[in-house]
$ cat model-v6.txt   # compact mmCIF, C-alpha atoms and all ligand atoms
# COMPACT_ATOMS: atom_id res chain seq x y z
CA MET A 228 0.00 0.00 0.00
CA ASN A 229 1.12 3.56 -0.65
CA VAL A 230 0.65 6.24 2.00
CA LEU A 231 0.31 10.01 1.51
CA ILE A 232 1.05 12.37 4.39
CA VAL A 233 -0.15 15.96 4.08
CA GLY A 234 2.01 18.64 5.75
CA SER A 235 5.63 19.74 6.00
CA GLY A 236 6.72 19.96 9.65
CA GLY A 237 8.47 17.83 12.24
CA ARG A 238 5.22 16.02 13.01
CA GLU A 239 4.87 14.99 9.39
CA HIS A 240 8.50 13.79 9.25
CA ALA A 241 7.86 11.67 12.35
CA LEU A 242 4.68 10.26 10.76
CA ALA A 243 6.54 9.46 7.52
CA TRP A 244 9.35 7.77 9.45
CA LYS A 245 6.94 5.72 11.55
CA LEU A 246 4.49 4.73 8.81
CA GLY A 247 7.40 3.84 6.50
CA GLN A 248 8.44 1.14 9.01
CA SER A 249 5.20 -0.78 8.49
CA PRO A 250 5.65 -3.96 6.44
CA LYS A 251 2.33 -3.11 4.78
CA VAL A 252 3.65 0.10 3.23
CA ASP A 253 5.41 0.31 -0.13
CA THR A 254 5.97 4.03 -0.67
CA VAL A 255 5.35 6.97 1.66
CA TYR A 256 4.66 10.27 -0.10
CA VAL A 257 4.70 13.59 1.75
CA ALA A 258 3.04 16.71 0.35
CA PRO A 259 4.80 19.11 0.34
CA GLY A 260 7.30 17.76 2.93
CA ASN A 261 10.77 19.03 3.80
CA ALA A 262 14.41 17.94 3.29
CA GLY A 263 14.05 15.24 5.96
CA THR A 264 10.90 13.70 4.52
CA GLY A 265 12.68 13.78 1.16
CA LEU A 266 15.29 11.40 2.64
CA ASP A 267 12.93 9.03 4.48
CA ALA A 268 10.07 9.23 1.96
CA VAL A 269 9.16 10.81 -1.39
CA ASN A 270 8.22 14.49 -1.49
CA VAL A 271 5.38 15.70 -3.69
CA PRO A 272 5.28 19.44 -4.47
CA ILE A 273 1.58 19.99 -3.71
CA SER A 274 0.35 22.48 -1.11
CA GLU A 275 -1.61 21.19 1.90
CA LYS A 276 -4.52 23.38 0.79
CA ASP A 277 -4.72 22.21 -2.83
CA PHE A 278 -7.32 19.48 -2.25
CA PRO A 279 -8.08 18.72 -5.93
CA ALA A 280 -4.36 18.18 -6.71
CA LEU A 281 -3.88 16.03 -3.58
CA ILE A 282 -6.93 13.91 -4.46
CA GLN A 283 -5.71 13.49 -8.03
CA PHE A 284 -2.28 12.46 -6.76
CA ALA A 285 -3.80 9.90 -4.37
CA LYS A 286 -5.83 8.40 -7.22
CA ASP A 287 -2.92 8.34 -9.68
CA HIS A 288 -0.49 6.72 -7.20
CA GLN A 289 -2.68 4.01 -5.63
CA VAL A 290 -2.61 5.70 -2.24
CA GLY A 291 -4.50 3.47 0.21
CA LEU A 292 -4.15 5.75 3.23
CA THR A 293 -3.84 9.53 3.45
CA VAL A 294 -2.87 11.06 6.81
CA ILE A 295 -3.50 14.75 7.48
CA GLY A 296 -0.90 16.35 9.78
CA PRO A 297 -1.86 20.02 10.34
CA GLU A 298 -5.03 21.72 11.54
CA VAL A 299 -5.57 24.12 8.64
CA PRO A 300 -6.47 21.56 5.94
CA LEU A 301 -8.57 19.66 8.53
CA SER A 302 -10.55 22.79 9.33
CA LEU A 303 -10.98 23.50 5.62
CA GLY A 304 -12.57 20.08 5.13
CA ILE A 305 -9.83 18.01 3.46
CA VAL A 306 -11.20 14.82 5.03
CA ASP A 307 -14.69 15.49 3.65
CA ALA A 308 -13.17 16.12 0.19
CA PHE A 309 -11.19 12.84 0.25
CA GLU A 310 -14.11 10.82 1.61
CA LYS A 311 -16.40 12.19 -1.09
CA GLU A 312 -14.05 10.62 -3.65
CA GLY A 313 -14.09 7.29 -1.83
CA LEU A 314 -10.50 7.69 -0.63
CA ARG A 315 -9.30 6.38 2.74
CA VAL A 316 -8.15 9.24 4.94
CA PHE A 317 -7.14 9.57 8.61
CA GLY A 318 -8.35 12.65 10.47
CA PRO A 319 -11.56 14.33 11.63
CA ASN A 320 -13.95 15.84 9.12
CA LYS A 321 -14.63 19.56 8.92
CA LYS A 322 -17.39 19.56 11.54
CA ALA A 323 -15.39 17.51 14.03
CA ALA A 324 -12.23 19.57 13.44
CA GLN A 325 -14.11 22.47 15.02
CA VAL A 326 -12.91 21.16 18.38
CA GLU A 327 -9.73 22.99 17.39
CA GLY A 328 -10.97 25.40 14.69
CA SER A 329 -13.44 27.19 16.97
CA LYS A 330 -12.69 28.01 20.59
CA VAL A 331 -16.41 28.69 21.11
CA PHE A 332 -17.35 25.24 19.76
CA CYS A 333 -14.69 23.70 22.02
CA LYS A 334 -15.80 25.52 25.17
CA ASP A 335 -19.49 24.78 24.56
CA LEU A 336 -18.62 21.12 23.96
CA LEU A 337 -16.64 20.93 27.21
CA TYR A 338 -19.46 22.61 29.12
CA LYS A 339 -22.13 20.30 27.72
CA ALA A 340 -19.96 17.23 28.33
CA GLY A 341 -19.33 18.28 31.93
CA VAL A 342 -15.57 18.28 31.39
CA PRO A 343 -13.60 20.51 33.78
CA THR A 344 -12.46 23.71 32.05
CA ALA A 345 -12.06 27.40 32.92
CA GLY A 346 -15.28 29.44 33.28
CA TYR A 347 -15.89 31.52 30.15
CA LYS A 348 -18.10 33.94 28.26
CA VAL A 349 -18.47 34.36 24.50
CA PHE A 350 -18.71 37.78 22.80
CA THR A 351 -19.39 38.92 19.25
CA ASP A 352 -19.64 42.58 20.26
CA TYR A 353 -16.62 44.65 21.23
CA HIS A 354 -18.50 46.94 23.62
CA GLU A 355 -20.23 44.11 25.46
CA ALA A 356 -16.86 42.42 25.94
CA LEU A 357 -15.32 45.67 27.15
CA THR A 358 -18.11 46.23 29.68
CA TYR A 359 -17.69 42.66 30.94
CA ILE A 360 -13.91 42.98 31.33
CA LYS A 361 -14.17 46.40 33.01
CA GLY A 362 -16.81 45.16 35.44
CA GLY A 363 -14.88 42.07 36.49
CA GLY A 364 -12.29 43.52 38.84
CA ASN A 365 -8.56 43.51 38.20
CA ARG A 366 -8.12 39.76 37.93
CA PRO A 367 -6.12 37.77 35.36
CA LEU A 368 -8.12 36.74 32.28
CA VAL A 369 -7.45 34.91 29.05
CA VAL A 370 -8.77 36.40 25.81
CA LYS A 371 -9.05 34.02 22.85
CA ALA A 372 -9.87 34.63 19.20
CA ASP A 373 -12.47 32.05 18.16
CA GLY A 374 -10.83 30.87 14.93
CA LEU A 375 -7.43 29.47 13.95
CA ALA A 376 -4.62 32.00 14.35
CA ALA A 377 -1.47 29.92 13.96
CA GLY A 378 -1.30 29.41 17.73
CA LYS A 379 -1.18 33.17 18.39
CA GLY A 380 -4.85 33.87 19.04
CA VAL A 381 -4.69 33.19 22.80
CA ILE A 382 -3.61 36.10 25.01
CA VAL A 383 -3.01 35.43 28.70
CA CYS A 384 -3.56 38.70 30.59
CA LYS A 385 -2.26 39.44 34.08
CA ASN A 386 -4.79 42.19 34.79
CA ARG A 387 -7.71 44.23 33.45
CA ASP A 388 -5.55 46.61 31.37
CA GLU A 389 -3.88 43.74 29.58
CA ALA A 390 -7.27 42.14 28.91
CA ILE A 391 -8.57 45.41 27.43
CA ALA A 392 -5.45 45.65 25.24
CA ALA A 393 -5.97 42.05 24.09
CA LEU A 394 -9.61 42.78 23.27
CA GLN A 395 -8.51 45.86 21.33
CA ALA A 396 -5.95 43.86 19.34
CA ILE A 397 -8.36 41.02 18.49
CA MET A 398 -11.70 42.81 17.99
CA GLY A 399 -10.58 46.43 17.53
CA GLU A 400 -7.63 46.04 15.19
CA HIS A 401 -8.64 42.62 13.80
CA GLU A 402 -5.10 41.34 14.32
CA PHE A 403 -6.21 37.80 13.48
CA GLY A 404 -8.71 38.79 10.81
CA THR A 405 -12.12 37.15 10.94
CA ALA A 406 -10.78 34.57 13.43
CA GLY A 407 -11.38 37.34 15.99
CA ASP A 408 -14.98 38.18 15.05
CA ARG A 409 -15.99 36.12 18.07
CA ILE A 410 -13.97 35.83 21.24
CA VAL A 411 -13.89 33.79 24.40
CA VAL A 412 -12.97 35.55 27.64
CA GLU A 413 -12.10 33.01 30.30
CA GLU A 414 -10.76 32.62 33.80
CA CYS A 415 -7.01 32.27 34.04
CA LEU A 416 -5.93 28.91 35.43
CA THR A 417 -2.63 28.22 37.12
CA GLY A 418 -0.64 25.02 37.29
CA ARG A 419 1.59 22.92 35.10
CA GLU A 420 0.59 21.91 31.59
CA ALA A 421 0.56 18.48 29.99
CA SER A 422 -0.64 17.02 26.71
CA VAL A 423 -2.74 13.87 26.62
CA LEU A 424 -3.53 12.62 23.13
CA ALA A 425 -5.93 9.87 22.18
CA ILE A 426 -6.68 8.07 18.96
CA THR A 427 -10.38 7.43 18.50
CA ASP A 428 -12.77 6.08 15.88
CA GLY A 429 -15.66 7.82 17.63
CA GLN A 430 -16.45 4.72 19.74
CA THR A 431 -13.24 3.34 21.18
CA ILE A 432 -10.55 5.55 22.67
CA MET A 433 -6.88 4.60 22.73
CA THR A 434 -5.10 7.01 25.03
CA LEU A 435 -1.47 7.64 24.19
CA GLN A 436 1.27 8.08 26.78
CA PRO A 437 1.35 11.56 28.34
CA ALA A 438 3.72 14.18 26.98
CA GLN A 439 4.82 17.67 27.87
CA ASP A 440 5.50 20.51 25.47
CA HIS A 441 7.65 23.62 26.13
CA LYS A 442 5.83 26.53 24.52
CA ALA A 443 7.90 29.48 25.73
CA ALA A 444 10.92 30.41 23.64
CA HIS A 445 13.55 30.52 26.36
CA ASP A 446 14.82 28.50 29.31
CA GLY A 447 12.72 28.59 32.46
CA ASP A 448 9.59 29.21 30.39
CA GLN A 449 10.63 32.80 29.68
CA GLY A 450 10.06 34.77 26.51
CA PRO A 451 7.37 34.72 23.84
CA ASN A 452 5.12 31.80 22.99
CA THR A 453 6.23 29.52 20.15
CA GLY A 454 4.82 26.49 18.35
CA GLY A 455 6.75 24.39 20.89
CA MET A 456 10.50 24.29 21.60
CA GLY A 457 10.69 20.69 22.75
CA ALA A 458 8.73 17.83 24.27
CA TYR A 459 9.20 14.62 26.16
CA SER A 460 7.23 11.52 27.00
CA PRO A 461 6.22 10.09 29.40
CA ALA A 462 5.66 13.10 31.65
CA SER A 463 5.75 12.26 35.37
CA LEU A 464 3.22 15.03 35.96
CA VAL A 465 0.58 12.64 34.60
CA ASP A 466 1.03 9.32 36.38
CA ASP A 467 -1.08 6.25 35.55
CA GLU A 468 -3.80 7.21 38.00
CA LYS A 469 -4.13 10.71 36.54
CA LEU A 470 -4.06 9.34 33.02
CA HIS A 471 -7.00 7.06 33.81
CA TRP A 472 -8.82 9.93 35.44
CA ILE A 473 -8.30 12.08 32.34
CA GLU A 474 -9.46 9.27 30.10
CA ALA A 475 -12.64 8.74 32.13
CA ASN A 476 -13.47 12.37 32.93
CA VAL A 477 -12.18 14.23 29.89
CA LEU A 478 -11.75 12.07 26.80
CA VAL A 479 -14.68 9.64 27.17
CA PRO A 480 -17.33 12.29 27.94
CA THR A 481 -16.01 14.48 25.11
CA VAL A 482 -16.23 11.71 22.51
CA HIS A 483 -19.72 10.77 23.75
CA GLU A 484 -20.93 14.36 23.68
CA LEU A 485 -19.63 14.74 20.12
CA ASN A 486 -21.66 11.67 19.18
CA ARG A 487 -24.75 13.13 20.84
CA MET A 488 -24.18 16.30 18.80
CA GLU A 489 -23.99 14.07 15.70
CA VAL A 490 -20.40 15.17 15.11
CA PRO A 491 -18.54 11.86 15.46
CA PHE A 492 -14.79 12.40 15.83
CA LYS A 493 -12.28 10.13 14.08
CA GLY A 494 -8.58 10.80 14.41
CA VAL A 495 -6.31 12.22 17.09
CA LEU A 496 -8.02 14.12 19.89
CA TYR A 497 -5.38 16.13 21.72
CA ALA A 498 -6.24 17.54 25.14
CA GLY A 499 -4.10 20.45 26.32
CA LEU A 500 -4.47 20.28 30.11
CA MET A 501 -3.67 22.47 33.09
CA MET A 502 -2.96 20.50 36.25
CA THR A 503 -4.63 22.84 38.72
CA PRO A 504 -4.88 22.32 42.50
CA GLN A 505 -8.52 21.31 41.80
CA GLY A 506 -7.43 18.65 39.31
CA PRO A 507 -6.82 18.57 35.54
CA GLN A 508 -8.76 21.11 33.44
CA VAL A 509 -8.88 21.32 29.65
CA LEU A 510 -7.30 24.43 28.12
CA GLU A 511 -7.96 23.43 24.54
CA TYR A 512 -8.49 20.57 22.17
CA ASN A 513 -6.49 20.01 19.03
CA ALA A 514 -7.74 17.78 16.24
CA ARG A 515 -4.37 16.26 15.32
CA PHE A 516 -1.02 15.13 16.70
CA GLY A 517 0.86 17.88 18.55
CA ASP A 518 4.08 19.18 17.12
CA PRO A 519 6.59 18.51 18.74
CA GLU A 520 4.79 15.98 21.02
CA CYS A 521 4.34 13.66 18.04
CA GLN A 522 8.09 13.16 17.67
CA PRO A 523 8.85 11.61 21.11
CA LEU A 524 5.51 9.77 21.11
CA LEU A 525 6.16 8.04 17.79
CA MET A 526 9.77 7.26 18.78
CA ARG A 527 8.23 5.28 21.66
CA LEU A 528 5.26 3.68 19.91
CA LYS A 529 5.94 0.06 18.97
CA THR A 530 2.54 -0.80 17.47
CA ASP A 531 2.20 -0.55 13.68
CA LEU A 532 0.52 2.83 13.21
CA VAL A 533 -0.95 1.74 9.86
CA ASP A 534 -3.08 -0.86 11.66
CA VAL A 535 -4.31 1.74 14.11
CA MET A 536 -5.16 4.31 11.45
CA GLU A 537 -6.92 1.75 9.27
CA ALA A 538 -8.95 0.56 12.25
CA VAL A 539 -10.01 4.16 12.91
CA ILE A 540 -11.16 4.60 9.31
CA ASP A 541 -13.10 1.31 9.48
CA GLY A 542 -14.58 2.06 12.92
CA LYS A 543 -12.91 -1.07 14.30
CA LEU A 544 -10.48 0.35 16.84
CA GLY A 545 -12.17 -1.79 19.52
CA THR A 546 -10.91 -4.96 17.84
CA LEU A 547 -7.22 -4.04 18.24
CA PRO A 548 -5.01 -5.06 21.17
CA PRO A 549 -3.73 -2.24 23.41
CA LEU A 550 -0.94 -0.05 22.06
CA GLU A 551 2.60 -1.23 22.77
CA TRP A 552 5.21 1.25 23.95
CA ASP A 553 8.93 1.32 24.33
CA ASP A 554 9.30 1.79 28.10
CA ARG A 555 12.21 4.11 27.51
CA PRO A 556 11.41 7.84 27.64
CA ALA A 557 12.06 10.07 24.63
CA VAL A 558 13.09 13.73 24.56
CA CYS A 559 12.81 16.05 21.55
CA VAL A 560 14.80 19.30 21.42
CA VAL A 561 13.75 21.82 18.78
CA MET A 562 16.52 23.80 17.05
CA ALA A 563 15.27 27.12 15.70
CA SER A 564 16.32 29.98 13.44
CA GLU A 565 17.63 33.24 14.86
CA GLY A 566 14.69 35.61 15.37
CA TYR A 567 11.99 32.95 15.75
CA PRO A 568 9.15 33.28 16.81
CA GLY A 569 9.50 36.72 15.17
CA SER A 570 10.86 37.14 11.66
CA TYR A 571 13.94 35.08 10.82
CA ALA A 572 16.44 34.49 8.04
CA LYS A 573 16.18 31.45 5.74
CA GLY A 574 18.62 29.58 3.52
CA LYS A 575 21.38 28.92 6.09
CA ILE A 576 23.37 25.75 5.37
CA ILE A 577 23.03 23.13 8.13
CA SER A 578 26.08 21.01 8.98
CA GLY A 579 26.63 18.00 11.23
CA LEU A 580 23.42 16.12 10.46
CA ASP A 581 25.29 12.92 9.59
CA ASP A 582 27.35 13.05 12.81
CA ALA A 583 24.17 13.49 14.84
CA ALA A 584 22.47 10.61 13.03
CA ARG A 585 25.32 8.26 13.99
CA ILE A 586 24.48 8.51 17.69
CA PRO A 587 22.45 5.41 18.67
CA ASP A 588 18.76 5.91 19.52
CA VAL A 589 18.73 9.39 18.01
CA LYS A 590 16.50 10.55 15.18
CA VAL A 591 16.73 14.05 13.75
CA PHE A 592 13.27 15.02 12.51
CA HIS A 593 13.25 17.91 10.09
CA ALA A 594 10.71 20.74 10.22
CA GLY A 595 11.75 23.93 8.39
CA THR A 596 14.36 22.52 6.02
CA VAL A 597 14.82 22.41 2.27
CA LEU A 598 17.40 20.76 -0.01
CA LYS A 599 19.29 23.37 -2.10
CA ASP A 600 22.22 22.52 -4.40
CA GLY A 601 22.90 19.35 -2.42
CA ASN A 602 22.86 21.18 0.95
CA VAL A 603 20.22 20.92 3.65
CA CYS A 604 19.26 24.54 4.38
CA THR A 605 16.94 26.25 6.85
CA SER A 606 13.55 27.33 5.53
CA GLY A 607 11.45 27.86 8.66
CA GLY A 608 11.45 29.09 12.26
CA ARG A 609 11.46 25.69 13.89
CA VAL A 610 14.10 23.86 11.85
CA LEU A 611 14.82 20.47 13.48
CA GLY A 612 13.41 18.26 16.24
CA VAL A 613 16.35 16.29 17.58
CA THR A 614 14.82 13.29 19.35
CA ALA A 615 16.46 10.60 21.49
CA LEU A 616 15.48 7.58 23.56
CA GLY A 617 17.19 6.79 26.87
CA ASN A 618 16.78 4.55 29.89
CA SER A 619 15.58 7.58 31.83
CA VAL A 620 14.36 11.03 30.88
CA ALA A 621 17.75 12.37 32.00
CA GLU A 622 19.59 9.94 29.73
CA ALA A 623 17.33 10.70 26.77
CA LYS A 624 17.90 14.40 27.37
CA LYS A 625 21.67 13.94 27.51
CA ARG A 626 21.65 12.00 24.26
CA ALA A 627 19.39 14.51 22.50
CA TYR A 628 21.66 17.40 23.49
CA GLU A 629 24.74 15.42 22.45
CA ALA A 630 23.20 15.20 18.98
CA VAL A 631 22.17 18.87 19.05
CA GLY A 632 25.81 19.72 19.79
CA LYS A 633 26.91 18.15 16.49
CA ILE A 634 24.55 20.31 14.40
CA HIS A 635 25.32 23.88 13.37
CA TRP A 636 24.14 26.73 11.21
CA ASP A 637 24.52 30.44 11.37
CA GLY A 638 22.06 31.71 14.02
CA SER A 639 20.82 28.34 15.36
CA TRP A 640 19.52 28.27 18.93
CA TYR A 641 17.55 26.01 21.26
CA ARG A 642 16.36 25.75 24.83
CA THR A 643 18.79 23.93 27.11
CA ASP A 644 16.22 22.77 29.69
CA ILE A 645 13.86 20.51 27.77
CA SER A 646 12.43 17.84 30.15
CA ASP A 647 13.86 19.47 33.30
CA LYS A 648 10.33 19.80 34.65
CA ASN A 649 10.13 16.05 34.90
CA GLU A 650 10.47 14.57 38.36
CA GLU A 651 12.09 11.19 38.27
P1 LIG A 701 -4.73 27.24 23.85
O1 LIG A 701 -4.43 27.47 22.39
O2 LIG A 701 -6.14 27.48 24.24
O3 LIG A 701 -4.11 26.02 24.45
O4 LIG A 701 -3.84 28.31 24.58
C1 LIG A 701 -2.45 28.35 24.42
C2 LIG A 701 -1.80 28.49 25.76
O5 LIG A 701 -2.40 29.57 26.47
C3 LIG A 701 -1.97 27.29 26.66
O6 LIG A 701 -1.02 26.32 26.41
C4 LIG A 701 -1.82 27.93 28.02
O7 LIG A 701 -0.46 28.11 28.33
C5 LIG A 701 -2.46 29.27 27.84
N1 LIG A 701 -3.87 29.26 28.28
C6 LIG A 701 -4.97 29.00 27.55
N2 LIG A 701 -6.09 29.06 28.28
C7 LIG A 701 -5.69 29.37 29.54
C8 LIG A 701 -6.36 29.57 30.78
N3 LIG A 701 -7.70 29.51 30.89
N4 LIG A 701 -5.62 29.87 31.85
C9 LIG A 701 -4.28 29.98 31.78
N5 LIG A 701 -3.59 29.79 30.65
C10 LIG A 701 -4.26 29.49 29.53
N1 LIG A 702 2.57 21.45 20.56
C1 LIG A 702 1.38 22.18 20.53
C2 LIG A 702 0.60 22.01 19.31
O1 LIG A 702 0.90 21.19 18.47
O2 LIG A 702 -0.38 22.71 19.14
$ encode --input "model-v6.txt" --output "structure tokens"
Amino acid sequence: MNVLIVGSGGREHALAWKLGQSPKVDTVYVAPGNAGTGLDAVNVPISEKDFPALIQFAKDHQVGLTVIGPEVPLSLGIVDAFEKEGLRVFGPNKKAAQVEGSKVFCKDLLYKAGVPTAGYKVFTDYHEALTYIKGGGNRPLVVKADGLAAGKGVIVCKNRDEAIAALQAIMGEHEFGTAGDRIVVEECLTGREASVLAITDGQTIMTLQPAQDHKAAHDGDQGPNTGGMGAYSPASLVDDEKLHWIEANVLVPTVHELNRMEVPFKGVLYAGLMMTPQGPQVLEYNARFGDPECQPLLMRLKTDLVDVMEAVIDGKLGTLPPLEWDDRPAVCVVMASEGYPGSYAKGKIISGLDDAARIPDVKVFHAGTVLKDGNVCTSGGRVLGVTALGNSVAEAKKRAYEAVGKIHWDGSWYRTDISDKNEE
């Protein structure tokens, strides 16, 4: 069988690497991919938004399974478009992808399902929102644009003035375009964050091992928010007992409520959680694998992912045995371009990739890379996800940073404290 992966980041490289290991797979195609997917699979120069060209490619190349990596094509209805043509595709359809594509949909879903989440109010009118914020005392609030905003549409505000400024940016200046026509204003939660992802066919839920992302740019969680500067799994913050609690009180009621709403969800349901003193609360849902959480998770997953994805498409996830994991933890360190998450230079030549690859139990997943005149060059903000397995989180971290140390380009940087929050 041939497989097509849609997307071009580190998550998609990890998916290509993992799915390519299945004995059932002949060729893995990645559209549009990056330099790394070009080495482990075959790149196809089609944009993730060009559904007709992707569908034509899948038909012309006997693709038996298409996997959608990022949220944008999911929210635009790529799964509906593939299904309409009778093609087998892994991911939620347009309606179900609203769990991520609309913060209002997500909050209403959580509320109806009785899943713990921050108290919230929805506004479509600037002045009503302003009156609400002004009347609420000087407490911390979180202001969220309803629609997709490349991870930037959530503004955590320490006080009333910051909340007013956030409202002004989103609804006054339309910083995120129509994504900000509706907003959610919610209570600010405190605690540590963890990611719990589950694969579901809408009936059965297979919860993956817990992971933790590092969203802030700099060490000690300082600096601006990014797409994620590193991740590790498992995360001690979510022990087995907590994981079961989250499965029973977050994931199961959410999937059931979606069924009651006649919006069955098939694919990866990703819960972003805050571990508050009152217990875990959902900050957000994503409708896909997290990036970079996907990289350490797939390094650890032993089960053939093709079987799992096919069972989801066929609604037969309940017939599969439990997922098998490598007990060893994995740590992924993201190497980024100078200037990221602001504007950054592109086209820098990357050296040392072969030296890094020679270290046992290390895999360098590419994100923003491109092959130019025989050189692997930078082409994005997050450039590489250097991922390693170890007998402990500390050992995996050491190995990942050993590999990072072999890799260079002009302006490269990374956090030096990925996984330090783990308590072993
Ligand atoms: P989201 O896209 O909703 O996950 O928001 C991105 C980030 O904003 C989260 O990872 C949290 O760090 C933060 N955040 C979102 N909602 C809240 C909240 N209610 N309280 C505190 N922080 C939040
Ligand atoms: N790592 C966070 C995300 O994928 O949204």
$ axis_aligned_box --input "model-v6.txt" --around "ligand LIG 701 (chain A)" --padding-each-side "8 Å" --output "JSON"
{"center_x": -4.1, "center_y": 28.0, "center_z": 27.1, "size_x": 23.2, "size_y": 20.0, "size_z": 25.5}
$ closest_atom_pairs --input "model-v6.txt" --of "region 460-537 of chain A" --to "region 440-453 of chain A" --cutoff "10 Å" --atoms "only C-alpha atoms" --output "tab-separated table"
residue	atom	partner	partner_atom	distance
A:Ser460	CA	A:Asp440	CA	9.3
A:Ala462	CA	A:Asp440	CA	9.7
A:Gly499	CA	A:Asp440	CA	9.6
A:Gly517	CA	A:Asp440	CA	8.7
A:Asp518	CA	A:Asp440	CA	8.6
A:Pro519	CA	A:Asp440	CA	7.1
A:Glu520	CA	A:Asp440	CA	6.4
$ residues_near_ligand --input "model-v6.txt" --ligand "ligand LIG 701 (chain A)" --cutoff "8 Å" --atoms "all atoms listed in the file" --output "ChimeraX atom specification"
/A:330,344-346,368-369,371,378-383,413-417,420,442,499-501,510-512
$ residues_around --input "model-v6.txt" --residues "Asp541 (chain A)" --least-positions-apart "3" --cutoff "12 Å" --atoms "all atoms listed in the file" --output "number ranges by chain"
A: 292, 315-317, 427-431, 493-494, 534-538, 544-547
$ atom_distance --input "model-v6.txt" --atom1 "CA of Lys625 (chain A)" --atom2 "CA of Gly566 (chain A)"
25.8 Å
$ atom_distance --input "model-v6.txt" --atom1 "CA of Ser302 (chain A)" --atom2 "CA of Val610 (chain A)"
24.8 Å
$ residues_near_point --input "model-v6.txt" --point "(9.5, 14.4, 14.2)" --cutoff "9 Å" --atoms "all atoms listed in the file" --output "list in words"
Gly236, Gly237, Arg238, Glu239, His240, Ala241, Leu242, Ala243, Trp244, Asp518, Pro519, Glu520, Cys521, Gln522, Pro523, Leu525, Met526, Cys559, Lys590, Val591, Phe592, His593, Ala594, Leu611, Gly612, Val613 and Thr614 of chain A
$ closest_residue --input "model-v6.txt" --among "A:Ile473, A:Tyr353, A:Ile282, A:Ala630" --to "Glu400 (chain A)" --atoms "only C-alpha atoms"
A:Tyr353
$ atom_distance --input "model-v6.txt" --atom1 "CA of Val465 (chain A)" --atom2 "CA of Arg527 (chain A)"
16.7 Å
$ closest_residue --input "model-v6.txt" --among "A:Lys543, A:Lys529, A:Arg626, A:Arg515" --to "ligand LIG 702 (chain A)" --atoms "all atoms listed in the file"
A:Arg515
$ closest_residue --input "model-v6.txt" --among "A:Ser646, A:Thr530, A:Ser422, A:Ser619" --to "ligand LIG 702 (chain A)" --atoms "only C-alpha atoms and all ligand atoms"
A:Ser422
$ closest_residue --input "model-v6.txt" --among "A:Ala623, A:Ala421, A:Ser606, A:Val558" --to "ligand LIG 702 (chain A)" --atoms "only C-alpha atoms and all ligand atoms"
A:Ala421
$ closest_residue --input "model-v6.txt" --among "A:Met398, A:Val561, A:Leu337, A:Ala356" --to "ligand LIG 702 (chain A)" --atoms "only C-alpha atoms and all ligand atoms"
A:Val561
$ closest_residue --input "model-v6.txt" --among "A:Gly260, A:Gly569, A:Pro297, A:Gly399" --to "ligand LIG 702 (chain A)" --atoms "all atoms listed in the file"
A:Pro297
$ residues_around --input "model-v6.txt" --residues "Val271 (chain A)" --least-positions-apart "2" --cutoff "7 Å" --atoms "only C-alpha atoms" --output "number ranges by chain"
A: 256-259, 269, 273
